[in-house]
>>> print(open('my_file14.csv').read())   # CSV, C-alpha atoms (C1' of nucleotides)
chain,number,residue,atom,x,y,z
I,1,MET,CA,70.3,124.7,167.0
I,2,SER,CA,68.9,122.4,164.5
I,3,THR,CA,66.1,124.6,163.3
I,4,PRO,CA,63.0,122.6,163.2
I,5,GLU,CA,63.2,123.8,159.7
I,6,ASP,CA,59.9,125.7,159.8
I,7,LYS,CA,58.9,124.4,156.4
I,8,THR,CA,57.3,127.5,154.9
I,9,PRO,CA,55.3,126.1,152.1
I,10,GLU,CA,54.8,129.7,150.8
I,11,ARG,CA,53.7,129.7,147.3
I,12,ILE,CA,56.2,130.9,144.7
I,13,SER,CA,54.6,133.1,142.1
I,14,ASP,CA,55.2,132.9,138.4
I,15,ALA,CA,57.5,135.9,138.3
I,16,GLU,CA,59.4,134.7,141.3
I,17,HIS,CA,59.8,131.3,139.7
I,18,ALA,CA,61.7,132.9,136.9
I,19,VAL,CA,64.2,134.2,139.4
I,20,MET,CA,64.5,130.8,141.0
I,21,GLU,CA,65.2,129.2,137.7
I,22,ALA,CA,68.2,131.5,137.3
I,23,LEU,CA,69.5,130.6,140.7
I,24,TRP,CA,68.9,126.9,140.2
I,25,GLN,CA,71.0,127.1,137.1
I,26,ARG,CA,73.9,128.9,138.7
I,27,SER,CA,74.4,130.2,142.2
I,28,PRO,CA,75.2,132.2,144.2
I,29,LEU,CA,74.4,135.2,142.1
I,30,THR,CA,74.2,138.9,142.8
I,31,ALA,CA,71.0,140.8,142.0
I,32,SER,CA,72.5,142.2,138.8
I,33,GLU,CA,73.7,138.8,137.7
I,34,VAL,CA,70.2,137.5,138.2
I,35,CYS,CA,69.0,140.4,136.1
I,36,ASP,CA,71.5,139.6,133.4
I,37,GLU,CA,69.9,136.2,133.3
I,38,VAL,CA,66.2,137.2,133.2
I,39,CYS,CA,65.7,140.9,132.6
I,40,GLU,CA,66.0,140.8,128.9
I,41,LYS,CA,64.0,137.6,128.5
I,42,ARG,CA,61.1,139.0,130.5
I,43,GLY,CA,61.4,142.6,129.9
I,44,TRP,CA,62.1,143.5,133.5
I,45,SER,CA,64.1,146.2,135.1
I,46,LEU,CA,66.7,145.6,137.8
I,47,ALA,CA,64.3,147.1,140.3
I,48,THR,CA,61.8,144.3,139.5
I,49,VAL,CA,64.4,141.7,140.1
I,50,LYS,CA,65.4,143.3,143.4
I,51,THR,CA,61.8,143.2,144.6
I,52,LEU,CA,61.4,139.6,143.6
I,53,LEU,CA,64.6,138.7,145.4
I,54,SER,CA,63.3,140.3,148.6
I,55,ARG,CA,60.0,138.5,148.4
I,56,LEU,CA,61.8,135.2,147.9
I,57,VAL,CA,64.0,135.9,150.9
I,58,ALA,CA,60.9,136.7,152.9
I,59,LYS,CA,59.3,133.5,151.7
I,60,ASN,CA,62.4,131.6,152.8
I,61,ALA,CA,63.0,130.3,149.3
I,62,ILE,CA,66.5,131.7,148.9
I,63,ALA,CA,69.4,132.6,151.2
I,64,THR,CA,71.6,135.6,151.3
I,65,GLU,CA,75.2,135.7,152.0
I,66,PRO,CA,76.9,139.0,152.4
I,67,ASP,CA,79.7,139.7,150.0
I,68,GLY,CA,81.1,143.0,151.1
I,69,ARG,CA,78.7,145.6,150.0
I,70,ARG,CA,76.2,143.3,148.4
I,71,PHE,CA,74.5,140.0,148.7
I,72,LEU,CA,74.9,136.8,147.0
I,73,TYR,CA,71.7,134.9,146.6
I,74,SER,CA,71.3,131.1,146.5
I,75,PRO,CA,68.3,128.9,146.5
I,76,LEU,CA,67.2,127.3,149.7
I,77,LEU,CA,64.2,125.6,148.1
I,78,GLU,CA,65.4,122.9,145.8
I,79,ARG,CA,64.2,122.7,142.3
I,80,ALA,CA,63.0,119.1,142.7
I,81,ASP,CA,60.9,120.1,145.7
I,82,TYR,CA,59.3,122.9,143.9
I,83,THR,CA,58.5,121.0,140.7
I,84,GLY,CA,57.4,118.1,142.8
I,85,SER,CA,54.9,120.1,144.8
I,86,GLU,CA,53.7,122.0,141.9
I,87,SER,CA,53.1,118.9,139.9
I,88,ARG,CA,51.4,117.3,142.8
I,89,ARG,CA,49.2,120.3,143.1
I,90,LEU,CA,48.1,120.2,139.6
I,91,VAL,CA,47.4,116.5,139.6
I,92,ASP,CA,45.4,116.8,142.7
I,93,ARG,CA,43.4,119.8,141.5
I,94,LEU,CA,42.7,118.6,138.0
I,95,PHE,CA,42.7,114.9,138.1
I,96,GLY,CA,41.8,113.9,141.7
I,97,GLY,CA,45.3,112.9,142.4
I,98,ARG,CA,45.6,110.4,139.6
I,99,ALA,CA,48.5,110.8,137.3
I,100,ALA,CA,47.3,108.6,134.5
I,101,PRO,CA,44.6,111.0,133.3
I,102,LEU,CA,47.2,113.8,133.1
I,103,PHE,CA,49.2,111.8,130.7
I,104,ALA,CA,46.2,110.8,128.7
I,105,GLN,CA,45.5,114.5,128.5
I,106,LEU,CA,49.0,115.3,127.3
I,107,ALA,CA,48.9,112.5,124.9
I,108,GLU,CA,45.7,113.8,123.4
I,109,ALA,CA,47.1,117.3,123.2
I,110,GLU,CA,50.0,115.8,121.3
I,111,ALA,CA,52.3,117.1,123.9
I,112,LEU,CA,54.3,114.0,124.1
I,113,THR,CA,57.3,113.6,122.0
I,114,ASP,CA,58.7,110.3,120.9
I,115,ASP,CA,61.5,110.9,123.3
I,116,ASP,CA,59.1,111.4,126.1
I,117,ILE,CA,57.4,108.2,125.3
I,118,ALA,CA,60.6,106.3,125.1
I,119,GLU,CA,61.8,107.7,128.4
I,120,MET,CA,58.6,107.0,130.1
I,121,GLU,CA,58.7,103.4,129.0
I,122,VAL,CA,62.1,103.0,130.6
I,123,LEU,CA,60.8,104.6,133.7
I,124,LEU,CA,57.8,102.4,133.8
I,125,LYS,CA,59.9,99.3,133.5
I,126,GLU,CA,61.9,100.5,136.5
I,127,LEU,CA,58.8,101.0,138.5
I,128,ARG,CA,57.4,97.7,137.6
I,129,LYS,CA,60.1,95.9,139.6
Q,1,MET,CA,35.4,121.5,119.7
Q,2,SER,CA,36.3,125.2,119.4
Q,3,THR,CA,33.9,127.5,117.6
Q,4,PRO,CA,35.2,129.6,114.8
Q,5,GLU,CA,35.6,132.7,116.9
Q,6,ASP,CA,38.2,132.2,119.6
Q,7,LYS,CA,37.4,133.9,122.8
Q,8,THR,CA,40.3,135.0,124.8
Q,9,PRO,CA,41.6,132.2,126.9
Q,10,GLU,CA,41.3,134.0,130.1
Q,11,ARG,CA,42.9,132.3,133.0
Q,12,ILE,CA,40.5,130.6,135.4
Q,13,SER,CA,41.4,131.0,139.0
Q,14,ASP,CA,41.4,128.4,141.6
Q,15,ALA,CA,38.2,129.3,143.2
Q,16,GLU,CA,36.6,129.7,139.8
Q,17,HIS,CA,37.8,126.3,138.9
Q,18,ALA,CA,35.8,124.8,141.8
Q,19,VAL,CA,32.6,126.3,140.3
Q,20,MET,CA,33.5,125.0,136.9
Q,21,GLU,CA,33.9,121.5,138.3
Q,22,ALA,CA,30.4,121.7,139.6
Q,23,LEU,CA,29.1,122.7,136.2
Q,24,TRP,CA,31.1,120.1,134.4
Q,25,GLN,CA,29.6,117.5,136.6
Q,26,ARG,CA,26.0,118.6,135.9
Q,27,SER,CA,24.5,121.5,134.0
Q,28,PRO,CA,22.8,123.7,133.6
Q,29,LEU,CA,22.5,124.8,137.2
Q,30,THR,CA,21.2,127.8,139.0
Q,31,ALA,CA,23.5,129.8,141.3
Q,32,SER,CA,22.0,128.2,144.4
Q,33,GLU,CA,22.4,124.7,142.9
Q,34,VAL,CA,26.0,125.5,142.3
Q,35,CYS,CA,26.2,126.7,145.9
Q,36,ASP,CA,24.7,123.4,147.1
Q,37,GLU,CA,27.5,121.6,145.3
Q,38,VAL,CA,30.4,123.7,146.5
Q,39,CYS,CA,29.6,126.0,149.4
Q,40,GLU,CA,29.8,123.5,152.1
Q,41,LYS,CA,32.9,121.9,150.8
Q,42,ARG,CA,34.7,125.2,150.5
Q,43,GLY,CA,33.1,127.1,153.3
Q,44,TRP,CA,31.6,129.7,150.9
Q,45,SER,CA,28.5,131.8,151.1
Q,46,LEU,CA,26.1,132.0,148.2
Q,47,ALA,CA,27.3,135.5,147.6
Q,48,THR,CA,30.8,134.2,146.8
Q,49,VAL,CA,29.4,131.8,144.3
Q,50,LYS,CA,27.5,134.5,142.6
Q,51,THR,CA,30.6,136.6,142.3
Q,52,LEU,CA,32.5,133.7,140.8
Q,53,LEU,CA,29.7,133.0,138.4
Q,54,SER,CA,29.8,136.6,137.2
Q,55,ARG,CA,33.5,136.5,136.7
Q,56,LEU,CA,33.3,133.3,134.8
Q,57,VAL,CA,30.6,134.8,132.6
Q,58,ALA,CA,32.8,137.8,132.0
Q,59,LYS,CA,35.7,135.5,131.1
Q,60,ASN,CA,33.4,133.7,128.6
Q,61,ALA,CA,33.9,130.4,130.4
Q,62,ILE,CA,30.2,129.8,131.1
Q,63,ALA,CA,27.0,130.7,129.4
Q,64,THR,CA,23.8,131.9,130.9
Q,65,GLU,CA,20.3,131.0,129.8
Q,66,PRO,CA,17.5,133.0,131.3
Q,67,ASP,CA,15.0,130.8,133.1
Q,68,GLY,CA,12.3,133.2,134.1
Q,69,ARG,CA,13.6,135.4,136.8
Q,70,ARG,CA,17.0,133.7,137.2
Q,71,PHE,CA,19.8,132.2,135.1
Q,72,LEU,CA,20.8,128.8,134.3
Q,73,TYR,CA,24.5,128.4,134.0
Q,74,SER,CA,26.4,126.0,131.8
Q,75,PRO,CA,30.0,125.6,130.8
Q,76,LEU,CA,31.3,127.0,127.6
Q,77,LEU,CA,34.8,126.0,128.2
Q,78,GLU,CA,35.2,122.3,128.1
Q,79,ARG,CA,36.8,120.4,130.8
Q,80,ALA,CA,39.3,118.7,128.5
Q,81,ASP,CA,40.3,122.1,127.1
Q,82,TYR,CA,40.9,123.4,130.5
Q,83,THR,CA,42.8,120.5,131.9
Q,84,GLY,CA,44.7,120.3,128.7
Q,85,SER,CA,45.9,123.9,128.7
Q,86,GLU,CA,46.7,123.8,132.4
Q,87,SER,CA,48.7,120.7,132.1
Q,88,ARG,CA,50.5,122.1,129.1
Q,89,ARG,CA,51.3,125.2,131.0
Q,90,LEU,CA,52.8,123.3,133.9
Q,91,VAL,CA,54.9,121.1,131.6
Q,92,ASP,CA,56.1,124.2,129.7
Q,93,ARG,CA,56.9,126.2,132.8
Q,94,LEU,CA,58.5,123.5,134.9
Q,95,PHE,CA,60.0,121.0,132.5
Q,96,GLY,CA,60.7,122.9,129.3
Q,97,GLY,CA,57.8,121.3,127.6
Q,98,ARG,CA,58.9,117.8,128.1
Q,99,ALA,CA,56.5,115.4,129.8
Q,100,ALA,CA,59.0,112.7,130.7
Q,101,PRO,CA,60.6,114.8,133.5
Q,102,LEU,CA,57.2,115.4,135.0
Q,103,PHE,CA,56.6,111.7,135.0
Q,104,ALA,CA,59.9,111.1,136.7
Q,105,GLN,CA,59.1,113.7,139.2
Q,106,LEU,CA,55.8,112.1,140.1
Q,107,ALA,CA,57.4,108.8,140.3
Q,108,GLU,CA,60.0,110.0,142.6
Q,109,ALA,CA,57.4,111.7,144.8
Q,110,GLU,CA,55.7,108.4,145.0
Q,111,ALA,CA,52.6,110.0,143.5
Q,112,LEU,CA,51.9,107.2,141.2
Q,113,THR,CA,49.6,104.5,142.2
Q,114,ASP,CA,49.7,101.0,140.9
Q,115,ASP,CA,46.6,101.8,138.9
Q,116,ASP,CA,48.3,104.8,137.4
Q,117,ILE,CA,51.2,102.7,136.3
Q,118,ALA,CA,49.0,100.0,134.8
Q,119,GLU,CA,47.0,102.6,132.9
Q,120,MET,CA,50.0,104.3,131.6
Q,121,GLU,CA,51.4,101.1,130.3
Q,122,VAL,CA,48.3,100.6,128.3
Q,123,LEU,CA,48.5,104.2,127.2
Q,124,LEU,CA,52.1,104.0,126.1
Q,125,LYS,CA,51.4,100.8,124.2
Q,126,GLU,CA,48.7,102.7,122.3
Q,127,LEU,CA,51.0,105.6,121.6
Q,128,ARG,CA,53.8,103.5,120.3
Q,129,LYS,CA,51.8,102.3,117.4
J,1,DG,C1',-2.0,144.6,147.6
J,2,DC,C1',1.9,144.2,150.7
J,3,DA,C1',5.7,141.8,153.0
J,4,DT,C1',9.0,138.5,152.3
J,5,DT,C1',12.0,136.3,149.5
J,6,DA,C1',15.0,135.0,145.7
J,7,DC,C1',18.1,136.6,142.5
J,8,DG,C1',21.3,139.2,139.6
J,9,DA,C1',24.1,143.6,139.6
J,10,DC,C1',27.1,146.5,141.9
J,11,DT,C1',30.3,147.6,145.5
J,12,DA,C1',33.9,146.5,148.9
J,13,DC,C1',38.1,145.3,150.8
J,14,DG,C1',42.3,143.0,152.2
J,15,DG,C1',46.1,140.3,150.4
J,16,DA,C1',49.0,138.7,146.6
J,17,DT,C1',51.3,139.8,142.4
J,18,DG,C1',53.6,142.3,138.6
J,19,DT,C1',56.2,146.1,137.9
J,20,DA,C1',58.9,149.7,139.3
J,21,DA,C1',60.5,154.3,141.2
J,22,DA,C1',62.5,156.8,145.3
J,23,DC,C1',65.7,156.7,148.9
J,24,DA,C1',69.8,155.7,151.9
J,25,DT,C1',74.3,154.4,152.2
J,26,DG,C1',78.7,152.8,151.5
J,27,DA,C1',82.4,152.1,147.9
J,28,DA,C1',85.3,153.9,144.4
J,29,DG,C1',87.2,157.2,141.6
J,30,DC,C1',89.6,161.4,141.3
V,1,DG,C1',86.4,165.4,150.4
V,2,DC,C1',83.0,165.3,147.0
V,3,DT,C1',80.6,163.0,143.1
V,4,DT,C1',79.0,159.1,141.2
V,5,DC,C1',77.8,154.4,141.0
V,6,DA,C1',76.1,150.1,142.9
V,7,DT,C1',73.1,148.0,145.9
V,8,DG,C1',69.7,146.8,149.4
V,9,DT,C1',65.3,148.9,151.6
V,10,DT,C1',60.9,151.3,151.3
V,11,DT,C1',57.2,152.8,149.2
V,12,DA,C1',53.9,152.8,145.2
V,13,DC,C1',50.3,151.5,142.5
V,14,DA,C1',47.3,148.9,139.4
V,15,DT,C1',45.3,144.4,138.8
V,16,DC,C1',43.6,140.0,140.2
V,17,DC,C1',41.7,137.0,143.6
V,18,DG,C1',39.0,135.4,147.6
V,19,DT,C1',35.3,136.5,150.0
V,20,DA,C1',31.3,138.8,150.8
V,21,DG,C1',27.8,142.6,151.7
V,22,DT,C1',24.2,145.8,149.8
V,23,DC,C1',20.8,147.3,146.4
V,24,DG,C1',17.0,147.1,143.2
V,25,DT,C1',13.5,144.4,141.7
V,26,DA,C1',10.5,140.7,140.3
V,27,DA,C1',8.1,136.5,142.1
V,28,DT,C1',5.5,134.5,145.7
V,29,DG,C1',2.8,133.8,150.0
V,30,DC,C1',-1.0,135.2,152.2
>>> encode(input="my_file14.csv", output="structure tokens")
Amino acid sequence: MSTPEDKTPERISDAEHAVMEALWQRSPLTASEVCDEVCEKRGWSLATVKTLLSRLVAKNAIATEPDGRRFLYSPLLERADYTGSESRRLVDRLFGGRAAPLFAQLAEAEALTDDDIAEMEVLLKELRK
Amino acid sequence: MSTPEDKTPERISDAEHAVMEALWQRSPLTASEVCDEVCEKRGWSLATVKTLLSRLVAKNAIATEPDGRRFLYSPLLERADYTGSESRRLVDRLFGGRAAPLFAQLAEAEALTDDDIAEMEVLLKELRK
DNA sequence: GCATTACGACTACGGATGTAAACATGAAGC
DNA sequence: GCTTCATGTTTACATCCGTAGTCGTAATGC
């Protein structure tokens, strides 16, 4: 049955997000493969990754597919959806939903590279149409 | 802006942020005045506000000035510093430090108003100099 | 003066999060 | 068959966060 896709907008935590990044980059992956990707970088043990994977499954953010003994994990939540909602959240919380002040902010903080500026100009031109 | 001695940039939580907003808008305020500003909006009791104020004091985000029997609270952390670091954080975490993808993201999510676009054009023109 | 009140300090408590160990179980080697 | 490894499941535990109640005490009303 076409699941009404009970959109579970469960928040993904910071640590969980690191695991998601690994899966967005390549999937499906086993738990140990995910660990290979992130454990060193974050100083985690395999156990930690296993916990995070379980929590992500519970949050409906990733899917499991049995592969003999173990599971293969792949993202259910798409990266764009995640980054989109997180960005939105920030803009809403900090700038009353307006994006312009956010960029003014970044500009002032010198967080904009020349490339950023160039790309954004192109994008703006697109949007103007 | 920043005083010689850097105080630890403790993270401000979501609820705490609401209190900060009230103080950024007008300060100094007493605890009850802060409550007047936010309690209704968030469904909080005065007790909650008092807790949040204490935590913010502990985090060195606001200052207290005794006014007889009670305190007057004012922000120590400036709004621009907060929004700046939060924005930066998001851009780093989600877009590898590049602002352009964030912009693309917001554009795609139709989170950009015409005003935003207009303002950003002005901004970009400035930056390109 | 004494009760009420206003206020900050301290305490509470459930849920989320970061981090991980213990446990169960099946596979794989020998 | 028994040991060992790999792997998911359960349990653990400290900290933070959201939300608030209680306590001690000074101000204030009468």
>>> residues_near_point(input="my_file14.csv", point="(64.9, 152.5, 135.3)", cutoff="10 Å", atoms="only C-alpha atoms (C1' of nucleotides)", output="compact mmCIF listing (two decimals) with C-alpha atoms (C1' of nucleotides), in the coordinates of the input")
# COMPACT_ATOMS: atom_id res chain seq x y z
CA TRP I 44 62.10 143.50 133.50
CA SER I 45 64.10 146.20 135.10
CA LEU I 46 66.70 145.60 137.80
CA ALA I 47 64.30 147.10 140.30
CA THR I 48 61.80 144.30 139.50
C1' DA J 20 58.90 149.70 139.30
C1' DA J 21 60.50 154.30 141.20
>>> calpha_fit_and_write(input="my_file14.csv", fixed="chain I", moving="chain Q", output="compact mmCIF listing (two decimals) with C-alpha atoms, in the frame of the given file")
# COMPACT_ATOMS: atom_id res chain seq x y z
CA MET Q 1 66.70 117.47 152.35
CA SER Q 2 64.44 119.48 154.68
CA THR Q 3 65.94 120.95 157.82
CA PRO Q 4 64.31 120.19 161.10
CA GLU Q 5 62.41 123.44 161.25
CA ASP Q 6 59.87 123.67 158.46
CA LYS Q 7 59.46 127.09 157.08
CA THR Q 8 56.11 127.89 155.75
CA PRO Q 9 55.76 126.69 152.23
CA GLU Q 10 54.85 129.98 150.84
CA ARG Q 11 53.68 129.91 147.30
CA ILE Q 12 56.19 131.14 144.74
CA SER Q 13 54.70 133.22 142.02
CA ASP Q 14 55.38 132.99 138.42
CA ALA Q 15 57.68 135.86 138.16
CA GLU Q 16 59.45 134.74 141.30
CA HIS Q 17 59.86 131.37 139.79
CA ALA Q 18 61.86 132.88 136.90
CA VAL Q 19 64.37 134.30 139.44
CA MET Q 20 64.56 130.99 141.20
CA GLU Q 21 65.41 129.26 137.94
CA ALA Q 22 68.31 131.59 137.54
CA LEU Q 23 69.56 130.75 141.01
CA TRP Q 24 69.06 127.07 140.57
CA GLN Q 25 71.15 127.20 137.49
CA ARG Q 26 74.06 128.99 139.22
CA SER Q 27 74.52 130.45 142.68
CA PRO Q 28 75.23 132.41 144.56
CA LEU Q 29 74.54 135.46 142.43
CA THR Q 30 74.26 139.13 143.01
CA ALA Q 31 71.04 140.97 142.07
CA SER Q 32 72.60 142.34 138.89
CA GLU Q 33 73.86 138.86 137.91
CA VAL Q 34 70.37 137.60 138.34
CA CYS Q 35 69.20 140.52 136.20
CA ASP Q 36 71.71 139.56 133.49
CA GLU Q 37 70.16 136.11 133.42
CA VAL Q 38 66.52 137.12 133.32
CA CYS Q 39 65.91 140.77 132.54
CA GLU Q 40 66.35 140.59 128.89
CA LYS Q 41 64.37 137.46 128.50
CA ARG Q 42 61.46 138.83 130.46
CA GLY Q 43 61.74 142.47 129.63
CA TRP Q 44 62.39 143.42 133.30
CA SER Q 45 64.32 146.24 134.85
CA LEU Q 46 66.83 145.60 137.59
CA ALA Q 47 64.42 147.17 140.00
CA THR Q 48 61.89 144.39 139.34
CA VAL Q 49 64.48 141.79 140.06
CA LYS Q 50 65.35 143.39 143.30
CA THR Q 51 61.74 143.42 144.35
CA LEU Q 52 61.41 139.75 143.51
CA LEU Q 53 64.56 138.95 145.38
CA SER Q 54 63.19 140.67 148.47
CA ARG Q 55 59.96 138.81 148.27
CA LEU Q 56 61.70 135.54 147.87
CA VAL Q 57 63.85 136.34 150.89
CA ALA Q 58 60.74 137.16 152.85
CA LYS Q 59 59.17 133.87 151.76
CA ASN Q 60 62.33 132.05 152.97
CA ALA Q 61 62.95 130.65 149.50
CA ILE Q 62 66.44 132.15 149.12
CA ALA Q 63 69.21 133.03 151.46
CA THR Q 64 71.41 136.05 151.46
CA GLU Q 65 75.09 136.17 152.29
CA PRO Q 66 76.60 139.58 152.72
CA ASP Q 67 79.49 140.15 150.34
CA GLY Q 68 80.83 143.49 151.39
CA ARG Q 69 78.38 146.11 150.40
CA ARG Q 70 75.93 143.81 148.57
CA PHE Q 71 74.30 140.39 148.92
CA LEU Q 72 74.88 137.16 147.36
CA TYR Q 73 71.74 135.22 146.82
CA SER Q 74 71.30 131.47 146.84
CA PRO Q 75 68.35 129.15 146.86
CA LEU Q 76 67.07 127.67 150.03
CA LEU Q 77 64.22 125.93 148.46
CA GLU Q 78 65.36 123.15 146.25
CA ARG Q 79 64.30 122.82 142.76
CA ALA Q 80 63.05 119.26 143.19
CA ASP Q 81 60.97 120.36 146.19
CA TYR Q 82 59.42 123.06 144.21
CA THR Q 83 58.67 121.14 141.09
CA GLY Q 84 57.49 118.31 143.21
CA SER Q 85 54.96 120.32 145.20
CA GLU Q 86 53.75 122.15 142.12
CA SER Q 87 53.23 119.03 140.20
CA ARG Q 88 51.47 117.47 143.15
CA ARG Q 89 49.22 120.43 143.40
CA LEU Q 90 48.22 120.26 139.76
CA VAL Q 91 47.53 116.51 139.95
CA ASP Q 92 45.47 117.02 143.13
CA ARG Q 93 43.50 119.95 141.78
CA LEU Q 94 42.84 118.70 138.28
CA PHE Q 95 42.83 114.93 138.44
CA GLY Q 96 41.89 114.04 142.00
CA GLY Q 97 45.40 113.08 142.79
CA ARG Q 98 45.74 110.52 140.14
CA ALA Q 99 48.64 110.85 137.70
CA ALA Q 100 47.34 108.52 135.01
CA PRO Q 101 44.65 111.01 133.84
CA LEU Q 102 47.27 113.70 133.52
CA PHE Q 103 49.30 111.38 131.38
CA ALA Q 104 46.31 110.66 129.21
CA GLN Q 105 45.63 114.28 128.92
CA LEU Q 106 49.13 115.05 127.72
CA ALA Q 107 48.99 112.25 125.35
CA GLU Q 108 45.83 113.41 123.89
CA ALA Q 109 47.18 116.95 123.56
CA GLU Q 110 50.02 115.48 121.66
CA ALA Q 111 52.39 116.93 124.25
CA LEU Q 112 54.48 113.89 124.48
CA THR Q 113 57.50 113.56 122.40
CA ASP Q 114 59.01 110.32 121.30
CA ASP Q 115 61.77 110.91 123.80
CA ASP Q 116 59.24 111.40 126.54
CA ILE Q 117 57.62 108.12 125.72
CA ALA Q 118 60.91 106.24 125.60
CA GLU Q 119 61.94 107.70 128.94
CA MET Q 120 58.73 106.88 130.55
CA GLU Q 121 58.94 103.33 129.45
CA VAL Q 122 62.23 103.03 131.17
CA LEU Q 123 60.75 104.77 134.17
CA LEU Q 124 57.73 102.52 134.39
CA LYS Q 125 59.93 99.45 134.07
CA GLU Q 126 61.87 100.71 137.09
CA LEU Q 127 58.72 101.36 139.05
CA ARG Q 128 57.22 98.01 138.41
CA LYS Q 129 59.93 96.24 140.26
>>> atom_distance(input="my_file14.csv", atom1="atom CA of Glu37 of chain Q", atom2="atom C1' of DG21 of chain V")
22.0 Å
>>> closest_residue(input="my_file14.csv", among="J:DA24, J:DA16, J:DA9, J:DA3", to="Glu10 of chain I", atoms="only C-alpha atoms (C1' of nucleotides)")
J:DA16
>>> residues_around(input="my_file14.csv", residues="segment 13-28 of chain Q", least_positions_apart="5", cutoff="6 Å", atoms="only C-alpha atoms (C1' of nucleotides)", output="list in words")
Leu52, Leu72, Tyr73 and Ser74 of chain Q
>>> closest_atom_pairs(input="my_file14.csv", of="chain J", to="chain I", cutoff="9 Å", atoms="only C-alpha atoms (C1' of nucleotides)", output="CSV")
residue,atom,partner,partner_atom,distance
J:DT17,C1',I:Ser13,CA,7.5
J:DG18,C1',I:Ala15,CA,7.5
J:DT19,C1',I:Thr48,CA,6.1
J:DA20,C1',I:Ala47,CA,6.1
J:DA21,C1',I:Ala47,CA,8.2
J:DG26,C1',I:Arg69,CA,7.4
J:DA27,C1',I:Arg69,CA,7.8
>>> write_last_selection(input="my_file14.csv", atoms="C-alpha atoms (C1' of nucleotides)", output="CSV table (one decimal), keeping the file's coordinate frame")
chain,number,residue,atom,x,y,z
J,17,DT,C1',51.3,139.8,142.4
J,18,DG,C1',53.6,142.3,138.6
J,19,DT,C1',56.2,146.1,137.9
J,20,DA,C1',58.9,149.7,139.3
J,21,DA,C1',60.5,154.3,141.2
J,26,DG,C1',78.7,152.8,151.5
J,27,DA,C1',82.4,152.1,147.9
>>> decode(input="my_file14.csv", residues="segment 77-93 of chain I", atoms="C-alpha atoms", output="mmCIF file, in the first residue's frame")
data_model
loop_
_atom_site.group_PDB
_atom_site.id
_atom_site.type_symbol
_atom_site.label_atom_id
_atom_site.label_comp_id
_atom_site.auth_asym_id
_atom_site.auth_seq_id
_atom_site.Cartn_x
_atom_site.Cartn_y
_atom_site.Cartn_z
ATOM 1 C CA LEU I 77 16.033 11.054 4.042
ATOM 2 C CA GLU I 78 17.598 12.886 1.147
ATOM 3 C CA ARG I 79 20.440 15.220 1.683
ATOM 4 C CA ALA I 80 18.714 18.109 -0.017
ATOM 5 C CA ASP I 81 15.687 17.678 2.194
ATOM 6 C CA TYR I 82 17.832 17.751 5.248
ATOM 7 C CA THR I 83 19.968 20.706 4.293
ATOM 8 C CA GLY I 84 16.869 22.470 3.089
ATOM 9 C CA SER I 85 14.963 22.109 6.294
ATOM 10 C CA GLU I 86 17.944 22.913 8.452
ATOM 11 C CA SER I 87 18.674 26.022 6.444
ATOM 12 C CA ARG I 88 15.091 27.059 6.649
ATOM 13 C CA ARG I 89 15.092 26.503 10.343
ATOM 14 C CA LEU I 90 18.061 28.730 10.831
ATOM 15 C CA VAL I 91 16.715 31.487 8.643
ATOM 16 C CA ASP I 92 13.422 31.388 10.476
ATOM 17 C CA ARG I 93 14.928 31.335 13.905
#
